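**Q** What follows is a single structure, and I will ask about it in a moment.
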Amino acid sequence: MLLAHVRDIYFQAVWALRDNLMRTLLSILGIFIGIIAVMAVGTVTQTVHNFVFTELASYGLQTIWIYRQHEAPNPYSTVRTGSGITNLDLEQIQKGCCPAVARVSPEVYYQDWSQLFRFGNRYNNVILEGVDGVFFDISRDEFTIGRNFRDEDIDNRRNVAIIGSEVHKTLIGEHQNPVGKSIRFGEQKFIVVGVLKRKNRDFLASIGAAEDYDVNNKIYIPYTVHQQMLASKDIHQLLIESRSVAETQNAVDQVVELLQRRNNNHFQYKWDTMESWNTKANNILSNISLLGLVAAFVSLLVGGVGIMNIMTTSVVERTREIGIRKAIGATQNDIRLQFILEAVVISTLGGSFGLGVGYILSIVAQHMLQIPLQPPWMIIIAAFLVSIGVGLASGYYPAKRAARLKPVEALRHD
Amino acid sequence: MIELINVSKAYGSDELSVPVLKDVCLSIPKGDFIAIMGPSGSGKSTLLNIIGCLDSLDAGVYQLGRQRVDLLDEDELTQLRLRHMGFVFQMFNLIPRFNALRNVELPMIYAGMQPQQRIQKAVAALSRVGLQDRLNHIPAKLSGGQQQRVAIARALVNDPDIIIADEPTGSLDTKTGHEIMKLFQTLNRHGKTIVMVTHEDNIAAYAQRVAHMRDGVITDIVRH
Ligand SMILES: Nc1ncnc2c1ncn2[C@@H]1O[C@H](COP(=O)(O)OP(=O)(O)OP(=O)(O)O)[C@@H](O)[C@H]1O
Ligand SMILES: [Mg+2]
């Protein structure tokens with residue numbers, strides 16, 4: 001068939017659509033909604049995805065936590081006290097005994113999370129933790145003001161503190177530079193040397209990967225100082241960074257083996273890895289996105305069924321017209337082509353409007369929510385192509401029916 | 001050039017089939033103007049539709065020029081209609097949403113003609129039937145006679161040899177009917193073969209020959 005002829009038939013299709021404007025708009029709406037749904041679901045899941053992985057990556061994907069597992073009390077065995085990790089164990093790891101470990105930092109804390117700190121005459125509950133300077137490297141913390149712990153802070157047990165942004169805000173006051181100020185904890189006095197940049201932990205907290213407290217409401221002091229306050233050489237948790245994400249399990253195995261050996265197999269150890277949280281997050285999110293996308297594509301198909309429905313009605317209503325066209329020389333191909341083109345024009349228009357309006361909506365939403373939205377263009381283009389395919393498929397059957405009408409019978413129809 | 005030999009046609013399923021045409025033989029030479037008359041239900045329209053290649057026959061031979069029409073498939077019949085037939089119906093059968101020009105243009109679209117040529121020819125055809133100042137009117141804005149003229153213009157535009165007309169004056173008043181018949185006579189004088197069904201004697205009087213039908217059989221043919 002000549003291109004010029006296809007163009008002529010195309011205009012017949014467009015005129016027919018224009019002359020039934022209301023019906024055309026309604027069937028366009030079906031595809032339009034389908035595309036908008038795919039865009040909305042795709043954009044939301046993609047944006048959440050990025051949001052979550054930015055958060056995870058901000059904690060370092062090679063991060064591992066190892067701590068003693070406190071087994072249930074057993075009357076037949078003597079319960080051993082202690083954290084199961086000592087400064088000597090830490091030294092061994094720091095020396096490079098565990099080749100898969102890149103860096104390690106101790107964490108020392110009270111049984112109770114919340115501790116009362118004072119600044120001037122203001123009191124505030126914060127979370128106190130004893131660490132060293134490596135801690136902030138591993139946990140990818142940045143300093144908005146001040147500095148990290150130095151070796152001499154740790155070695156000489158200096159009463160210095162690094163505070164989270166929330167502590168800055170609520171205990172010291174946002175408009176004051178806290179560096180050099182002293183804060184009090186019981187009898188102890190600490191000089192603030194650094195303030196940490198605010199961090200998000202919403203997602204990790206929501207899937208149980210982190211305790212439900214504000215990470216920004218923390219005060220860090222040298223672990224050596226904390227141990228002195230506790231009068232113990234215990235380390236409650238090791239924060240470890242493996243050499244690579246792939247080495248995570250090796251690092252866990254090596255450290256646990258070292259700890260068990262050095263503590264005469266008295267203790268069991270547990271660990272968490274960011275990699276496992278990452279995998280978990282990935283699974284959750286892909287399931288959600290898949291579900292959403294399936295729903296959205298189903299609505300696209302429903303739009304297609306709408307087109308088929310309307311095209312079928314249209315064929316019945318235009319039976320006489322089809323008879324006239326056939327009588328004056330339209331071939332079966334001409335008729336079939338016209339009806340398929342009508343369906344494809346509807347779905348393409350619906351798809352294009354959907355893309356355009358969806359794009360504008362995403363920009364508006366971006367401005368209103370102040371979040372960078374990430375429309376997944378691959379999926380959206382796929383949805384657009386699917387919508388055209390849906391148009392073709394849903395136009396095919398009514399078009400075939402129209403093409404097969406016998407001219408005499410069609411002409412007798414009224 | 002139209003030659004029907006023992007053409008039969010029945011409607012309905014095998015057992016309940018009702019014969020509508022029974023061994024009809026009819027020969028229409030080129031340039032003829034023949035009217036078919038007969039009581040309602042006698043099979044006039046059925047015969048005309050077969051001649052116009054709109055309908056198939058059950059038995060018999062239909063020879064159009066050198067072609068055996070009864071052996072052709074649907075698309076081949078469509079090509080025959082496109083090249084050789086122009087249709088004028090009692091109910092005009094215009095496309096209601098299209099103006100006169102678009103209606104007349106339509107057969108040329110299916111014939112694959114260029115847009116410019118289509119418009120020129122459509123305007124010329126509408127001028128020929130006296131509607132040069134009604135080009136942009138949709139059928140609803142035209143009188144019955146004017147609508148039938150648009151239909152005639154549409155029937156002529158691909159330059160067919162044969163005009164097939166089923167009660168072309170059936171929906172028109174007497175005066176308009178006679179005008180349409182004068183148009184037919186002119187066309188016939190210019191060489192078009194016309195096959196027309198009518199109920200009215202004074203309309204049939206414009207034809208060169210009148211065939212009378214009864215119960216699916218041609219009973220006699222009268223020459224004027
Ligand atoms: N599609 C059909 N199915 C069944 N019967 C049909 C069909 N078309 C026509 N008939 C029957 O065939 C017979 C002839 O019909 P036809 O339309 O040819 O008559 P006609 O002579 O044109 O009548 P009229 O003057 O009323 O137009 C009628 O009895 C009609 O009922
Ligand atoms: Mg009839």
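In the structure tokens, chains take letters A, B, ... by order of appearance, with residues numbered from 1 within each chain and ligands from 1 in the order shown.
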Around ligand 2, which protein and nucleic acid residues have at least one atom no more than 7 Å from it, if we count only C-alpha atoms and all ligand atoms? List them as a ChimeraX atom specification.

**A** /B:44-45,166

**Q** Throw together the list of residues within 9 Å of ligand 1, counting only C-alpha atoms and all ligand atoms, and drop it here as a ChimeraX atom specification.

**A** /A:408-409,412 /B:9-12,17-21,37-49,166-167,197-199,213-216

**Q** Where does chain A meet chain B within 10 Å, residue by residue, with the nearest atom pair and distance in Å to one decimal for each, counting only C-alpha atoms, listed by chain and rising number, as JSON lines?

**A**
{"residue": "A:Met1", "atom": "CA", "partner": "B:Gly112", "partner_atom": "CA", "distance": 9.7}
{"residue": "A:Leu2", "atom": "CA", "partner": "B:Gly112", "partner_atom": "CA", "distance": 8.5}
{"residue": "A:Ala4", "atom": "CA", "partner": "B:Gly112", "partner_atom": "CA", "distance": 8.1}
{"residue": "A:His5", "atom": "CA", "partner": "B:Gly112", "partner_atom": "CA", "distance": 6.1}
{"residue": "A:Val6", "atom": "CA", "partner": "B:Gly112", "partner_atom": "CA", "distance": 9.8}
{"residue": "A:Asp8", "atom": "CA", "partner": "B:Ile109", "partner_atom": "CA", "distance": 6.7}
{"residue": "A:Ile9", "atom": "CA", "partner": "B:Ile109", "partner_atom": "CA", "distance": 8.0}
{"residue": "A:Gln12", "atom": "CA", "partner": "B:Leu106", "partner_atom": "CA", "distance": 9.3}
{"residue": "A:Trp15", "atom": "CA", "partner": "B:Arg97", "partner_atom": "CA", "distance": 9.1}
{"residue": "A:Ala16", "atom": "CA", "partner": "B:Arg97", "partner_atom": "CA", "distance": 8.5}
{"residue": "A:Asp19", "atom": "CA", "partner": "B:Arg97", "partner_atom": "CA", "distance": 7.0}
{"residue": "A:Asn20", "atom": "CA", "partner": "B:Arg97", "partner_atom": "CA", "distance": 9.8}
{"residue": "A:Arg318", "atom": "CA", "partner": "B:Ile95", "partner_atom": "CA", "distance": 9.8}
{"residue": "A:Arg320", "atom": "CA", "partner": "B:Asn93", "partner_atom": "CA", "distance": 8.2}
{"residue": "A:Glu321", "atom": "CA", "partner": "B:Ile95", "partner_atom": "CA", "distance": 6.3}
{"residue": "A:Ile322", "atom": "CA", "partner": "B:Ile95", "partner_atom": "CA", "distance": 9.6}
{"residue": "A:Gly323", "atom": "CA", "partner": "B:Asn93", "partner_atom": "CA", "distance": 9.2}
{"residue": "A:Ile324", "atom": "CA", "partner": "B:Asn93", "partner_atom": "CA", "distance": 6.6}
{"residue": "A:Arg325", "atom": "CA", "partner": "B:Leu106", "partner_atom": "CA", "distance": 7.9}
{"residue": "A:Lys326", "atom": "CA", "partner": "B:Thr78", "partner_atom": "CA", "distance": 7.1}
{"residue": "A:Ala327", "atom": "CA", "partner": "B:Leu54", "partner_atom": "CA", "distance": 6.7}
{"residue": "A:Ile328", "atom": "CA", "partner": "B:Pro107", "partner_atom": "CA", "distance": 5.6}
{"residue": "A:Gly329", "atom": "CA", "partner": "B:Leu82", "partner_atom": "CA", "distance": 4.4}
{"residue": "A:Ala330", "atom": "CA", "partner": "B:Tyr110", "partner_atom": "CA", "distance": 5.4}
{"residue": "A:Thr331", "atom": "CA", "partner": "B:Asp75", "partner_atom": "CA", "distance": 6.0}
{"residue": "A:Gln332", "atom": "CA", "partner": "B:Asp75", "partner_atom": "CA", "distance": 7.0}
{"residue": "A:Asn333", "atom": "CA", "partner": "B:Asp75", "partner_atom": "CA", "distance": 9.0}
{"residue": "A:Asp334", "atom": "CA", "partner": "B:Tyr110", "partner_atom": "CA", "distance": 7.7}
{"residue": "A:Arg404", "atom": "CA", "partner": "B:Glu74", "partner_atom": "CA", "distance": 9.6}
{"residue": "A:Lys406", "atom": "CA", "partner": "B:Asp55", "partner_atom": "CA", "distance": 8.1}
{"residue": "A:Pro407", "atom": "CA", "partner": "B:Leu54", "partner_atom": "CA", "distance": 6.0}
{"residue": "A:Val408", "atom": "CA", "partner": "B:Leu54", "partner_atom": "CA", "distance": 5.9}
{"residue": "A:Glu409", "atom": "CA", "partner": "B:Asp55", "partner_atom": "CA", "distance": 9.0}
{"residue": "A:Leu411", "atom": "CA", "partner": "B:Asn93", "partner_atom": "CA", "distance": 8.3}

**Q** For Asp151 in chain A, which residue among A:Asn216, A:Pro222, A:Cys98, A:Glu275 is the nearest when counting only C-alpha atoms?

**A** A:Pro222

**Q** Please, which residues of range 130-324 of chain A, numbered as in this document, come out helix (DSSP H, G or I) from DSSP, as a ChimeraX atom specification?

**A** /A:133-138,151-155,165-173,202-206,223-230,245-262,274-317,319-324

**Q** Going by DSSP on the backbone, which residues of range 194-392 of chain A come out as strand (DSSP E or B)? List them as a ChimeraX atom specification.

**A** /A:194-196,218-222,234,237-242,268-273

**Q** If you count only C-alpha atoms, which residues fall within 10 Å of range 112-126 of chain A, apart from same-chain ones fewer than 5 positions away, as a PyMOL selection string?

**A** chain A and resi 163-164+166-167+170-173+181-186+188-189+213-219

**Q** If I take CA of Ser139 in chain A and CA of Glu247 in chain A, how far is one from the other in Å, to one decimal?

**A**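 That distance, rounded to one decimal, is 17.5 Å.
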
**Q** What is the distance, in Å and to one decimal place, between CA of Phe33 in chain B and CA of Ala165 in chain B?

**A**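 Going from CA of Phe33 in chain B over to CA of Ala165 in chain B covers 10.8 Å.
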
**Q** Give me the residues within 12 Å of Leu4 in chain B as an MDAnalysis selection string, counting only C-alpha atoms and dropping any in the same chain fewer than 3 places off.

**A** chainID B and resid 1 7:8 21:29 47:48 50:51 57 59:65 67:70 218

**Q** Measure the distance from CA of Arg68 in chain A to CA of Leu259 in chain A in Å and round it to one decimal.

**A**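 Computing the Euclidean distance for CA of Arg68 in chain A and CA of Leu259 in chain A yields 9.6 Å.
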